[in-house]
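**Q** The file below is protein-v5.pdb, PDB, C-alpha atoms and all ligand atoms:
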```pdb
ATOM      1  CA  MET A  23     -91.141 -62.852 -20.465
ATOM      2  CA  LYS A  24     -90.539 -59.082 -20.426
ATOM      3  CA  GLU A  25     -91.228 -59.117 -16.663
ATOM      4  CA  VAL A  26     -88.684 -61.915 -16.158
ATOM      5  CA  ILE A  27     -86.095 -60.022 -18.201
ATOM      6  CA  ASN A  28     -86.715 -56.772 -16.291
ATOM      7  CA  ALA A  29     -86.809 -58.447 -12.872
ATOM      8  CA  HIS A  30     -83.365 -59.969 -13.548
ATOM      9  CA  GLY A  31     -81.936 -56.877 -15.269
ATOM     10  CA  LEU A  32     -81.063 -59.178 -18.165
ATOM     11  CA  ARG A  33     -79.446 -56.903 -20.727
ATOM     12  CA  ALA A  34     -78.435 -58.967 -23.718
ATOM     13  CA  LYS A  35     -74.702 -59.624 -24.120
ATOM     14  CA  ARG A  36     -73.496 -59.644 -27.702
ATOM     15  CA  SER A  37     -70.462 -61.745 -26.735
ATOM     16  CA  LEU A  38     -72.846 -64.586 -25.779
ATOM     17  CA  GLY A  39     -74.909 -64.293 -28.967
ATOM     18  CA  GLN A  40     -77.950 -63.228 -26.953
ATOM     19  CA  ASN A  41     -81.026 -62.461 -29.068
ATOM     20  CA  PHE A  42     -84.074 -63.419 -27.061
ATOM     21  CA  LEU A  43     -87.395 -64.609 -28.471
ATOM     22  CA  LEU A  44     -90.481 -63.491 -26.600
ATOM     23  CA  ASP A  45     -93.425 -64.019 -28.999
ATOM     24  CA  PRO A  46     -95.454 -66.979 -27.666
ATOM     25  CA  SER A  47     -96.808 -67.859 -31.103
ATOM     26  CA  ILE A  48     -93.298 -68.126 -32.641
ATOM     27  CA  LEU A  49     -92.011 -70.081 -29.629
ATOM     28  CA  SER A  50     -94.904 -72.514 -29.851
ATOM     29  CA  HIS A  51     -94.317 -73.032 -33.598
ATOM     30  CA  ILE A  52     -90.630 -73.809 -32.959
ATOM     31  CA  VAL A  53     -91.517 -76.471 -30.398
ATOM     32  CA  LYS A  54     -94.243 -77.908 -32.666
ATOM     33  CA  ALA A  55     -91.703 -78.265 -35.499
ATOM     34  CA  ALA A  56     -89.780 -80.756 -33.340
ATOM     35  CA  GLY A  57     -92.694 -83.224 -33.509
ATOM     36  CA  SER A  58     -93.938 -85.243 -30.554
ATOM     37  CA  LEU A  59     -92.015 -84.665 -27.335
ATOM     38  CA  GLU A  60     -93.893 -87.305 -25.400
ATOM     39  CA  SER A  61     -91.526 -89.232 -23.098
ATOM     40  CA  ARG A  62     -88.510 -87.712 -24.857
ATOM     41  CA  THR A  63     -85.261 -86.412 -23.397
ATOM     42  CA  VAL A  64     -85.029 -82.852 -24.672
ATOM     43  CA  ILE A  65     -81.847 -80.762 -24.677
ATOM     44  CA  GLU A  66     -81.885 -76.972 -25.049
ATOM     45  CA  VAL A  67     -78.662 -75.032 -25.487
ATOM     46  CA  GLY A  68     -78.858 -71.457 -24.230
ATOM     47  CA  PRO A  69     -82.279 -71.129 -22.565
ATOM     48  CA  GLY A  70     -81.618 -67.435 -21.832
ATOM     49  CA  PRO A  71     -84.667 -65.990 -20.038
ATOM     50  CA  GLY A  72     -86.537 -69.235 -20.813
ATOM     51  CA  GLY A  73     -89.195 -68.459 -23.436
ATOM     52  CA  LEU A  74     -88.546 -71.652 -25.408
ATOM     53  CA  THR A  75     -87.868 -73.561 -22.183
ATOM     54  CA  ARG A  76     -91.355 -72.812 -20.826
ATOM     55  CA  HIS A  77     -92.978 -73.928 -24.085
ATOM     56  CA  ILE A  78     -91.004 -77.198 -24.075
ATOM     57  CA  LEU A  79     -92.048 -77.820 -20.462
ATOM     58  CA  ASP A  80     -95.710 -77.508 -21.518
ATOM     59  CA  HIS A  81     -95.289 -80.841 -23.338
ATOM     60  CA  PRO A  82     -95.305 -84.326 -21.754
ATOM     61  CA  ILE A  83     -91.515 -84.705 -21.985
ATOM     62  CA  ASP A  84     -89.504 -87.194 -19.961
ATOM     63  CA  HIS A  85     -86.847 -84.639 -19.037
ATOM     64  CA  LEU A  86     -85.397 -81.306 -20.224
ATOM     65  CA  TYR A  87     -81.688 -80.510 -19.871
ATOM     66  CA  VAL A  88     -80.766 -76.864 -20.389
ATOM     67  CA  ILE A  89     -77.142 -75.844 -20.912
ATOM     68  CA  GLU A  90     -76.333 -72.183 -20.233
ATOM     69  CA  MET A  91     -73.187 -70.093 -19.717
ATOM     70  CA  ASP A  92     -74.708 -66.872 -18.368
ATOM     71  CA  SER A  93     -75.112 -66.913 -14.572
ATOM     72  CA  ARG A  94     -78.032 -64.430 -14.791
ATOM     73  CA  CYS A  95     -79.959 -66.887 -17.000
ATOM     74  CA  ILE A  96     -79.038 -69.779 -14.689
ATOM     75  CA  GLU A  97     -80.731 -67.884 -11.833
ATOM     76  CA  ILE A  98     -83.884 -67.652 -13.954
ATOM     77  CA  MET A  99     -83.674 -71.376 -14.698
ATOM     78  CA  GLU A 100     -83.309 -72.133 -10.977
ATOM     79  CA  GLU A 101     -86.540 -70.269 -10.310
ATOM     80  CA  LEU A 102     -88.253 -72.189 -13.097
ATOM     81  CA  ARG A 103     -86.978 -75.482 -11.702
ATOM     82  CA  GLU A 104     -88.951 -74.845  -8.521
ATOM     83  CA  HIS A 105     -92.087 -75.386 -10.644
ATOM     84  CA  TYR A 106     -90.672 -78.402 -12.547
ATOM     85  CA  PRO A 107     -88.370 -80.148 -10.025
ATOM     86  CA  LYS A 108     -88.682 -83.553 -11.698
ATOM     87  CA  GLN A 109     -88.490 -82.467 -15.337
ATOM     88  CA  LEU A 110     -85.791 -79.774 -15.481
ATOM     89  CA  SER A 111     -82.015 -80.101 -15.041
ATOM     90  CA  ILE A 112     -79.637 -77.171 -15.416
ATOM     91  CA  ILE A 113     -76.104 -77.551 -16.674
ATOM     92  CA  ALA A 114     -74.007 -74.447 -16.093
ATOM     93  CA  GLY A 115     -71.224 -74.124 -18.650
ATOM     94  CA  ASP A 116     -70.153 -74.113 -22.260
ATOM     95  CA  ALA A 117     -72.312 -76.393 -24.431
ATOM     96  CA  LEU A 118     -69.250 -77.172 -26.559
ATOM     97  CA  LYS A 119     -67.774 -78.961 -23.546
ATOM     98  CA  VAL A 120     -70.906 -80.955 -22.647
ATOM     99  CA  ASP A 121     -71.237 -84.561 -23.784
ATOM    100  CA  CYS A 122     -74.938 -84.659 -24.644
ATOM    101  CA  LEU A 123     -74.858 -88.465 -24.809
ATOM    102  CA  GLN A 124     -74.527 -88.447 -21.011
ATOM    103  CA  LEU A 125     -77.788 -86.527 -20.683
ATOM    104  CA  GLY A 126     -80.850 -88.685 -20.089
ATOM    105  CA  LYS A 127     -81.779 -91.644 -22.165
ATOM    106  CA  PRO A 128     -82.552 -91.829 -25.890
ATOM    107  CA  PRO A 129     -84.591 -90.825 -27.846
ATOM    108  CA  ARG A 130     -83.059 -87.366 -27.448
ATOM    109  CA  LYS A 131     -84.283 -84.270 -29.237
ATOM    110  CA  VAL A 132     -82.387 -80.995 -29.326
ATOM    111  CA  ILE A 133     -84.431 -77.787 -29.630
ATOM    112  CA  SER A 134     -82.527 -74.522 -29.531
ATOM    113  CA  ASN A 135     -82.323 -70.909 -30.573
ATOM    114  CA  LEU A 136     -78.565 -71.286 -30.906
ATOM    115  CA  PRO A 137     -76.010 -68.632 -29.973
ATOM    116  CA  TYR A 138     -74.848 -67.764 -33.503
ATOM    117  CA  ASN A 139     -71.139 -67.666 -32.594
ATOM    118  CA  VAL A 140     -71.002 -71.393 -31.722
ATOM    119  CA  SER A 141     -73.872 -72.741 -33.847
ATOM    120  CA  VAL A 142     -71.781 -74.499 -36.509
ATOM    121  CA  PRO A 143     -69.226 -76.088 -34.088
ATOM    122  CA  LEU A 144     -72.160 -77.379 -31.999
ATOM    123  CA  LEU A 145     -73.838 -78.834 -35.092
ATOM    124  CA  PHE A 146     -70.609 -80.616 -36.113
ATOM    125  CA  GLN A 147     -70.274 -82.008 -32.588
ATOM    126  CA  TRP A 148     -73.830 -83.432 -32.628
ATOM    127  CA  LEU A 149     -73.405 -84.807 -36.169
ATOM    128  CA  GLU A 150     -70.517 -86.969 -34.945
ATOM    129  CA  HIS A 151     -73.018 -88.893 -32.786
ATOM    130  CA  ILE A 152     -76.170 -88.286 -34.774
ATOM    131  CA  LYS A 153     -77.467 -91.850 -34.288
ATOM    132  CA  ASP A 154     -78.009 -91.005 -30.627
ATOM    133  CA  PHE A 155     -80.416 -88.179 -31.465
ATOM    134  CA  GLU A 156     -83.916 -88.413 -32.845
ATOM    135  CA  SER A 157     -83.903 -84.870 -34.220
ATOM    136  CA  LEU A 158     -82.248 -81.467 -33.994
ATOM    137  CA  THR A 159     -84.607 -78.494 -34.383
ATOM    138  CA  LEU A 160     -82.327 -75.490 -34.507
ATOM    139  CA  LEU A 161     -82.539 -71.798 -35.219
ATOM    140  CA  PHE A 162     -79.630 -70.526 -37.333
ATOM    141  CA  GLN A 163     -78.807 -67.347 -39.171
ATOM    142  CA  LYS A 164     -80.536 -67.751 -42.548
ATOM    143  CA  GLU A 165     -77.214 -67.775 -44.385
ATOM    144  CA  VAL A 166     -76.088 -70.828 -42.350
ATOM    145  CA  ALA A 167     -79.487 -72.553 -42.784
ATOM    146  CA  LYS A 168     -79.145 -72.175 -46.553
ATOM    147  CA  ARG A 169     -75.682 -73.748 -46.489
ATOM    148  CA  ILE A 170     -76.905 -76.721 -44.415
ATOM    149  CA  THR A 171     -79.795 -77.472 -46.781
ATOM    150  CA  ALA A 172     -78.167 -76.458 -50.105
ATOM    151  CA  GLN A 173     -78.303 -78.611 -53.228
ATOM    152  CA  PRO A 174     -75.491 -79.092 -55.792
ATOM    153  CA  ARG A 175     -74.840 -76.345 -58.366
ATOM    154  CA  THR A 176     -75.796 -73.559 -55.966
ATOM    155  CA  SER A 177     -73.476 -71.040 -54.356
ATOM    156  CA  ASP A 178     -74.498 -72.180 -50.836
ATOM    157  CA  TYR A 179     -73.551 -75.831 -51.489
ATOM    158  CA  GLY A 180     -70.390 -76.825 -49.640
ATOM    159  CA  LYS A 181     -68.808 -78.658 -46.728
ATOM    160  CA  LEU A 182     -71.687 -77.902 -44.328
ATOM    161  CA  SER A 183     -74.284 -79.267 -46.811
ATOM    162  CA  ILE A 184     -72.364 -82.475 -47.419
ATOM    163  CA  MET A 185     -71.289 -83.162 -43.824
ATOM    164  CA  THR A 186     -74.940 -82.815 -42.748
ATOM    165  CA  GLN A 187     -76.763 -84.433 -45.647
ATOM    166  CA  TRP A 188     -74.748 -87.676 -45.910
ATOM    167  CA  CYS A 189     -76.271 -88.764 -42.589
ATOM    168  CA  CYS A 190     -79.387 -86.596 -42.156
ATOM    169  CA  ASP A 191     -82.527 -85.428 -43.888
ATOM    170  CA  VAL A 192     -82.679 -81.669 -43.583
ATOM    171  CA  SER A 193     -85.365 -79.061 -44.174
ATOM    172  CA  MET A 194     -85.876 -75.350 -43.572
ATOM    173  CA  VAL A 195     -89.101 -74.883 -41.604
ATOM    174  CA  PHE A 196     -89.700 -71.113 -41.479
ATOM    175  CA  ASP A 197     -87.937 -67.760 -41.302
ATOM    176  CA  ILE A 198     -88.076 -65.437 -38.304
ATOM    177  CA  PRO A 199     -87.523 -61.725 -39.013
ATOM    178  CA  PRO A 200     -84.984 -59.721 -36.965
ATOM    179  CA  GLY A 201     -87.797 -57.679 -35.306
ATOM    180  CA  ALA A 202     -89.055 -60.771 -33.441
ATOM    181  CA  PHE A 203     -85.884 -60.842 -31.298
ATOM    182  CA  LEU A 204     -84.720 -58.703 -28.402
ATOM    183  CA  PRO A 205     -82.391 -57.111 -29.349
ATOM    184  CA  ALA A 206     -83.008 -57.389 -33.117
ATOM    185  CA  PRO A 207     -80.081 -59.045 -34.900
ATOM    186  CA  LYS A 208     -78.913 -57.720 -38.284
ATOM    187  CA  VAL A 209     -80.094 -60.768 -40.223
ATOM    188  CA  THR A 210     -83.107 -63.069 -40.655
ATOM    189  CA  SER A 211     -83.065 -66.396 -38.801
ATOM    190  CA  THR A 212     -84.328 -69.736 -40.107
ATOM    191  CA  LEU A 213     -85.522 -72.799 -38.239
ATOM    192  CA  VAL A 214     -83.985 -76.014 -39.560
ATOM    193  CA  ASN A 215     -85.079 -79.567 -38.871
ATOM    194  CA  ILE A 216     -82.331 -82.182 -38.979
ATOM    195  CA  ARG A 217     -83.231 -85.867 -38.646
ATOM    196  CA  PRO A 218     -80.821 -88.780 -38.906
ATOM    197  CA  LYS A 219     -81.399 -90.922 -42.013
ATOM    198  CA  SER A 220     -82.533 -94.465 -41.257
ATOM    199  CA  SER A 221     -79.864 -95.653 -43.730
ATOM    200  CA  PRO A 222     -77.036 -93.120 -43.902
ATOM    201  CA  LEU A 223     -74.634 -93.337 -46.838
ATOM    202  CA  ASN A 224     -71.737 -95.698 -46.283
ATOM    203  CA  VAL A 225     -68.657 -93.539 -45.698
ATOM    204  CA  ASP A 226     -65.912 -92.708 -43.207
ATOM    205  CA  PRO A 227     -66.822 -89.139 -42.085
ATOM    206  CA  LYS A 228     -63.134 -88.211 -41.658
ATOM    207  CA  ALA A 229     -62.383 -89.138 -45.277
ATOM    208  CA  LEU A 230     -65.519 -87.283 -46.400
ATOM    209  CA  GLN A 231     -64.394 -84.222 -44.471
ATOM    210  CA  ALA A 232     -60.933 -84.356 -46.087
ATOM    211  CA  VAL A 233     -62.142 -84.567 -49.714
ATOM    212  CA  THR A 234     -64.926 -82.046 -49.151
ATOM    213  CA  GLN A 235     -62.528 -79.549 -47.594
ATOM    214  CA  ALA A 236     -60.062 -79.952 -50.462
ATOM    215  CA  GLY A 237     -62.763 -79.752 -53.160
ATOM    216  CA  PHE A 238     -64.422 -76.631 -51.793
ATOM    217  CA  ASN A 239     -61.268 -74.774 -50.774
ATOM    218  CA  GLN A 240     -60.881 -74.156 -54.487
ATOM    219  CA  ARG A 241     -64.486 -74.589 -55.589
ATOM    220  CA  ARG A 242     -64.026 -73.038 -59.046
ATOM    221  CA  LYS A 243     -61.165 -75.387 -59.970
ATOM    222  CA  MET A 244     -61.578 -78.790 -61.589
ATOM    223  CA  LEU A 245     -61.277 -81.706 -59.136
ATOM    224  CA  ARG A 246     -58.061 -82.891 -60.805
ATOM    225  CA  ALA A 247     -56.485 -79.639 -59.514
ATOM    226  CA  SER A 248     -58.359 -78.974 -56.254
ATOM    227  CA  LEU A 249     -57.734 -82.466 -54.832
ATOM    228  CA  LYS A 250     -53.945 -81.999 -55.090
ATOM    229  CA  SER A 251     -54.035 -80.671 -51.516
ATOM    230  CA  VAL A 252     -55.061 -84.109 -50.166
ATOM    231  CA  VAL A 253     -53.604 -86.627 -52.670
ATOM    232  CA  SER A 254     -50.525 -86.593 -54.828
ATOM    233  CA  ASP A 255     -52.335 -88.308 -57.721
ATOM    234  CA  PRO A 256     -55.900 -86.922 -58.000
ATOM    235  CA  LEU A 257     -56.427 -88.478 -61.450
ATOM    236  CA  SER A 258     -56.034 -92.049 -60.116
ATOM    237  CA  LEU A 259     -58.275 -91.266 -57.131
ATOM    238  CA  LEU A 260     -60.992 -89.861 -59.397
ATOM    239  CA  GLU A 261     -60.702 -92.804 -61.787
ATOM    240  CA  LYS A 262     -61.183 -95.165 -58.845
ATOM    241  CA  ALA A 263     -64.269 -93.186 -57.766
ATOM    242  CA  ARG A 264     -65.512 -93.088 -61.407
ATOM    243  CA  ILE A 265     -65.741 -89.316 -61.389
ATOM    244  CA  ASP A 266     -64.814 -87.144 -64.357
ATOM    245  CA  PRO A 267     -61.681 -85.180 -63.294
ATOM    246  CA  THR A 268     -62.836 -82.064 -65.141
ATOM    247  CA  ARG A 269     -65.883 -81.654 -62.894
ATOM    248  CA  ARG A 270     -65.930 -79.101 -60.052
ATOM    249  CA  ALA A 271     -66.784 -79.742 -56.399
ATOM    250  CA  GLU A 272     -70.071 -77.821 -56.518
ATOM    251  CA  GLU A 273     -71.362 -80.102 -59.332
ATOM    252  CA  LEU A 274     -71.033 -83.344 -57.344
ATOM    253  CA  SER A 275     -73.949 -84.900 -55.460
ATOM    254  CA  VAL A 276     -73.539 -85.938 -51.825
ATOM    255  CA  GLU A 277     -73.446 -89.584 -53.028
ATOM    256  CA  GLU A 278     -70.583 -88.777 -55.420
ATOM    257  CA  PHE A 279     -68.673 -87.091 -52.605
ATOM    258  CA  CYS A 280     -69.086 -90.322 -50.604
ATOM    259  CA  ASP A 281     -67.743 -92.340 -53.594
ATOM    260  CA  MET A 282     -64.732 -90.025 -53.671
ATOM    261  CA  ALA A 283     -64.225 -90.349 -49.888
ATOM    262  CA  ASN A 284     -64.432 -94.159 -50.095
ATOM    263  CA  ALA A 285     -61.804 -94.192 -52.853
ATOM    264  CA  PHE A 286     -59.680 -91.835 -50.696
ATOM    265  CA  SER A 287     -59.971 -94.147 -47.625
ATOM    266  CA  THR A 288     -58.403 -97.062 -49.523
ATOM    267  CA  PHE A 289     -55.949 -95.006 -51.626
TER     268      PHE A 289
HETATM  269  N1  LIG A 301     -83.341 -69.561 -25.829
HETATM  270  C1  LIG A 301     -83.381 -68.139 -25.579
HETATM  271  C2  LIG A 301     -84.417 -67.506 -26.460
HETATM  272  O1  LIG A 301     -84.773 -68.114 -27.485
HETATM  273  O2  LIG A 301     -84.850 -66.403 -26.141
HETATM  274  C3  LIG A 301     -82.007 -67.478 -25.761
HETATM  275  C4  LIG A 301     -81.327 -67.718 -27.071
HETATM  276  S1  LIG A 301     -79.889 -66.733 -27.326
HETATM  277  C5  LIG A 301     -79.830 -66.685 -29.088
HETATM  278  C6  LIG A 301     -78.525 -67.825 -27.000
HETATM  279  C7  LIG A 301     -78.327 -68.260 -25.568
HETATM  280  O3  LIG A 301     -77.189 -69.123 -25.523
HETATM  281  C8  LIG A 301     -78.030 -67.161 -24.574
HETATM  282  O4  LIG A 301     -78.825 -67.339 -23.431
HETATM  283  C9  LIG A 301     -76.539 -67.321 -24.212
HETATM  284  O5  LIG A 301     -76.222 -66.908 -22.910
HETATM  285  C10 LIG A 301     -76.353 -68.801 -24.398
HETATM  286  N2  LIG A 301     -74.978 -69.229 -24.779
HETATM  287  C11 LIG A 301     -74.069 -68.565 -25.529
HETATM  288  N3  LIG A 301     -72.970 -69.319 -25.729
HETATM  289  C12 LIG A 301     -73.185 -70.491 -25.098
HETATM  290  C13 LIG A 301     -72.418 -71.675 -24.920
HETATM  291  N4  LIG A 301     -71.204 -71.806 -25.487
HETATM  292  N5  LIG A 301     -72.929 -72.679 -24.179
HETATM  293  C14 LIG A 301     -74.163 -72.559 -23.620
HETATM  294  N6  LIG A 301     -74.936 -71.461 -23.749
HETATM  295  C15 LIG A 301     -74.466 -70.438 -24.475
END
```
Written as structure tokens, how would this file's structure read?
Ligand code: SAM
**A**
Amino acid sequence: MKEVINAHGLRAKRSLGQNFLLDPSILSHIVKAAGSLESRTVIEVGPGPGGLTRHILDHPIDHLYVIEMDSRCIEIMEELREHYPKQLSIIAGDALKVDCLQLGKPPRKVISNLPYNVSVPLLFQWLEHIKDFESLTLLFQKEVAKRITAQPRTSDYGKLSIMTQWCCDVSMVFDIPPGAFLPAPKVTSTLVNIRPKSSPLNVDPKALQAVTQAGFNQRRKMLRASLKSVVSDPLSLLEKARIDPTRRAEELSVEEFCDMANAFSTF
């Protein structure tokens, strides 16, 4: 990988969130965490110099789509495609603008060392269509991974936990220290596995988003006060949802947030 990076003069650009992974053992563990790739459509955002890409291509996948914004990395991918003409497709552009549901056929798995600056918007985008994915195996900054997987009554619990966990089972797989990346970022990274639940909770995600946002915008306040930003009469809403109005957002389970969102939808 170092040879590839040197041959292409690929100096990492901070503006593109470039922190490359070169250690074959770490790369292989990331791909393993995604489970079987046999006959799967795999999507990788930001292949960079292609460390993870090469490990994915070692598996009996159906097809790999890589989405990349940096023209220097696209050149590297074009060289790689010469060895995998049937398995590898390159999409040049911003992953936020790519409709992943147009890529290959299900079951789709996403595996990515995400550019940290767009990691959460990308996650939200995929969650909107989570039924069309089999799994998302994603490397985040540890602080974001903790928020995705957080449980009630912890400081990390919030909108990201609830918007992910109502429809997905989530787990942190392992940490990767800054020194494993080139260049080393300031913080530890954590691999997270996200799999759609076979029976997601019954809720309108837009309503869930609205009550979660309101509840956590003022997380220390009681719900009877914090929900005033979305409803004029929070007490009636909470009575309908059978939730004690003196409780605070961070004390509610994901199920209770769904009860509140369902009451909000018909309010
Ligand atoms: N996968 C490589 C690895 O593990 O070494 C590189 C990962 S690096 C953290 C993130 C990659 O995402 C970079 O190659 C960067 O150019 C690319 N990138 C940044 N923003 C992007 C975007 N909006 N859409 C697609 N790719 C992006």
**Q** List the spatial neighbours of Leu110 in chain A as a list in words - criterion: any atom at most 7 Å away, all atoms listed in the file, same-chain residues fewer than 3 positions off excluded.
**A**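 The neighbour list is His85, Leu86, Tyr87, Arg103, Tyr106 and Pro107 of chain A.
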**Q** Skipping near chain neighbours, those fewer than 6 positions away, what residues fall within 9 Å of Glu278 in chain A using only C-alpha atoms, listed as a list of chain:residue names?
**A**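 Listed by chain and then number, they are A:Ala263, A:Arg264, A:Ile265.
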**Q** Restricting the calculation to all atoms listed in the file, which member of A:Asn224, A:Ser251, A:Ser141, A:Ser111 is positioned closest to Ala236 in chain A?
**A**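 Of the candidates, the smallest distance to Ala236 in chain A is held by A:Ser251.
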**Q** Return as a PDB file with C-alpha atoms, in the frame of the given file the set of residues that the PyMOL selection byres (((chain A and resi 165-175) around 8) and not hetatm) yields on the displayed structure.
**A**
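File produced: expr25.pdb:
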```pdb
ATOM      1  CA  PHE A 162     -79.630 -70.526 -37.333  1.00  0.00           C
ATOM      2  CA  GLN A 163     -78.807 -67.347 -39.171  1.00  0.00           C
ATOM      3  CA  LYS A 164     -80.536 -67.751 -42.548  1.00  0.00           C
ATOM      4  CA  THR A 176     -75.796 -73.559 -55.966  1.00  0.00           C
ATOM      5  CA  SER A 177     -73.476 -71.040 -54.356  1.00  0.00           C
ATOM      6  CA  ASP A 178     -74.498 -72.180 -50.836  1.00  0.00           C
ATOM      7  CA  TYR A 179     -73.551 -75.831 -51.489  1.00  0.00           C
ATOM      8  CA  GLY A 180     -70.390 -76.825 -49.640  1.00  0.00           C
ATOM      9  CA  LEU A 182     -71.687 -77.902 -44.328  1.00  0.00           C
ATOM     10  CA  SER A 183     -74.284 -79.267 -46.811  1.00  0.00           C
ATOM     11  CA  ILE A 184     -72.364 -82.475 -47.419  1.00  0.00           C
ATOM     12  CA  THR A 186     -74.940 -82.815 -42.748  1.00  0.00           C
ATOM     13  CA  GLN A 187     -76.763 -84.433 -45.647  1.00  0.00           C
ATOM     14  CA  VAL A 192     -82.679 -81.669 -43.583  1.00  0.00           C
ATOM     15  CA  SER A 193     -85.365 -79.061 -44.174  1.00  0.00           C
ATOM     16  CA  MET A 194     -85.876 -75.350 -43.572  1.00  0.00           C
ATOM     17  CA  THR A 212     -84.328 -69.736 -40.107  1.00  0.00           C
ATOM     18  CA  LEU A 213     -85.522 -72.799 -38.239  1.00  0.00           C
ATOM     19  CA  VAL A 214     -83.985 -76.014 -39.560  1.00  0.00           C
ATOM     20  CA  GLU A 272     -70.071 -77.821 -56.518  1.00  0.00           C
ATOM     21  CA  GLU A 273     -71.362 -80.102 -59.332  1.00  0.00           C
ATOM     22  CA  LEU A 274     -71.033 -83.344 -57.344  1.00  0.00           C
ATOM     23  CA  SER A 275     -73.949 -84.900 -55.460  1.00  0.00           C
TER      24      SER A 275
END
```
**Q** Rounded to one decimal, what separation in Å do you get between CA of Pro222 in chain A and CA of Val120 in chain A?
**A**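 If I compute the distance from CA of Pro222 in chain A to CA of Val120 in chain A, I get 25.2 Å.
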**Q** Give me, as a PyMOL selection string, all polymer residues having an atom no more than 10 Å from range 50-64 of chain A, counting only C-alpha atoms and skipping those fewer than 5 positions away in the same chain.
**A** chain A and resi 45+73-88+109-110+125-135+155-161+195-196+213-217
**Q** Of the residues A:Pro218, A:Pro256, A:Gly31, A:Pro207, which is the one nearest to Asp191 in chain A, using only C-alpha atoms?
**A**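 Between A:Pro218, A:Pro256, A:Gly31, A:Pro207, the residue approaching Asp191 in chain A most closely is A:Pro218.
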**Q** What does the list of residues within 8 Å of ligand LIG 301 (chain A) look like if you count all atoms listed in the file, written as a ChimeraX atom specification?
**A** /A:35,37-44,49,66-75,89-92,95,114-118,134-140,203
**Q** Any idea what the distance is between CA of Ala232 in chain A and CA of His151 in chain A?
**A**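 Separation between CA of Ala232 in chain A and CA of His151 in chain A: 18.5 Å.
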**Q** Report the distance between CA of Leu102 in chain A and CA of Leu204 in chain A in Å, rounded to one decimal place.
**A**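 Separation between CA of Leu102 in chain A and CA of Leu204 in chain A: 20.7 Å.
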**Q** Looking at A:Pro227, A:Phe286, A:Ala34, A:Thr268, which one is nearest to Val252 in chain A, with distances taken over all atoms listed in the file?
**A**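 Smallest separation from Val252 in chain A among the options: A:Phe286.
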**Q** Rank nothing, just name the residue among A:Thr234, A:Asp226, A:Val209, A:Arg269 nearest to Arg246 in chain A, using only C-alpha atoms.
**A**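 With only C-alpha atoms as the atom set, the closest residue is A:Arg269.
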**Q** For Pro46 in chain A, which residue out of A:Lys24, A:Lys208, A:Lys108, A:His30 is the nearest one, using only C-alpha atoms?
**A**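 Result for the nearest residue to Pro46 in chain A: A:Lys24.
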**Q** Nearest to Phe289 in chain A among A:Lys243, A:Ala229, A:Val26, A:Arg36, with distances taken over all atoms listed in the file: which residue is it?
**A**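 Result for the nearest residue to Phe289 in chain A: A:Ala229.
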**Q** What do you get, as a short mmCIF file (atom, residue, chain, number, x, y, z; two decimals) with C-alpha atoms, in the frame of the given file, if you spell out every residue that the PyMOL selection byres (((chain A and resi 282) around 8) and not hetatm) selects here?
**A**
```
data_model
loop_
_atom_site.label_atom_id
_atom_site.label_comp_id
_atom_site.auth_asym_id
_atom_site.auth_seq_id
_atom_site.Cartn_x
_atom_site.Cartn_y
_atom_site.Cartn_z
CA LEU A 230 -65.52 -87.28 -46.40
CA VAL A 233 -62.14 -84.57 -49.71
CA LEU A 259 -58.28 -91.27 -57.13
CA LEU A 260 -60.99 -89.86 -59.40
CA ALA A 263 -64.27 -93.19 -57.77
CA ILE A 265 -65.74 -89.32 -61.39
CA GLU A 278 -70.58 -88.78 -55.42
CA PHE A 279 -68.67 -87.09 -52.60
CA CYS A 280 -69.09 -90.32 -50.60
CA ASP A 281 -67.74 -92.34 -53.59
CA ALA A 283 -64.22 -90.35 -49.89
CA ASN A 284 -64.43 -94.16 -50.10
CA ALA A 285 -61.80 -94.19 -52.85
CA PHE A 286 -59.68 -91.84 -50.70
#
```
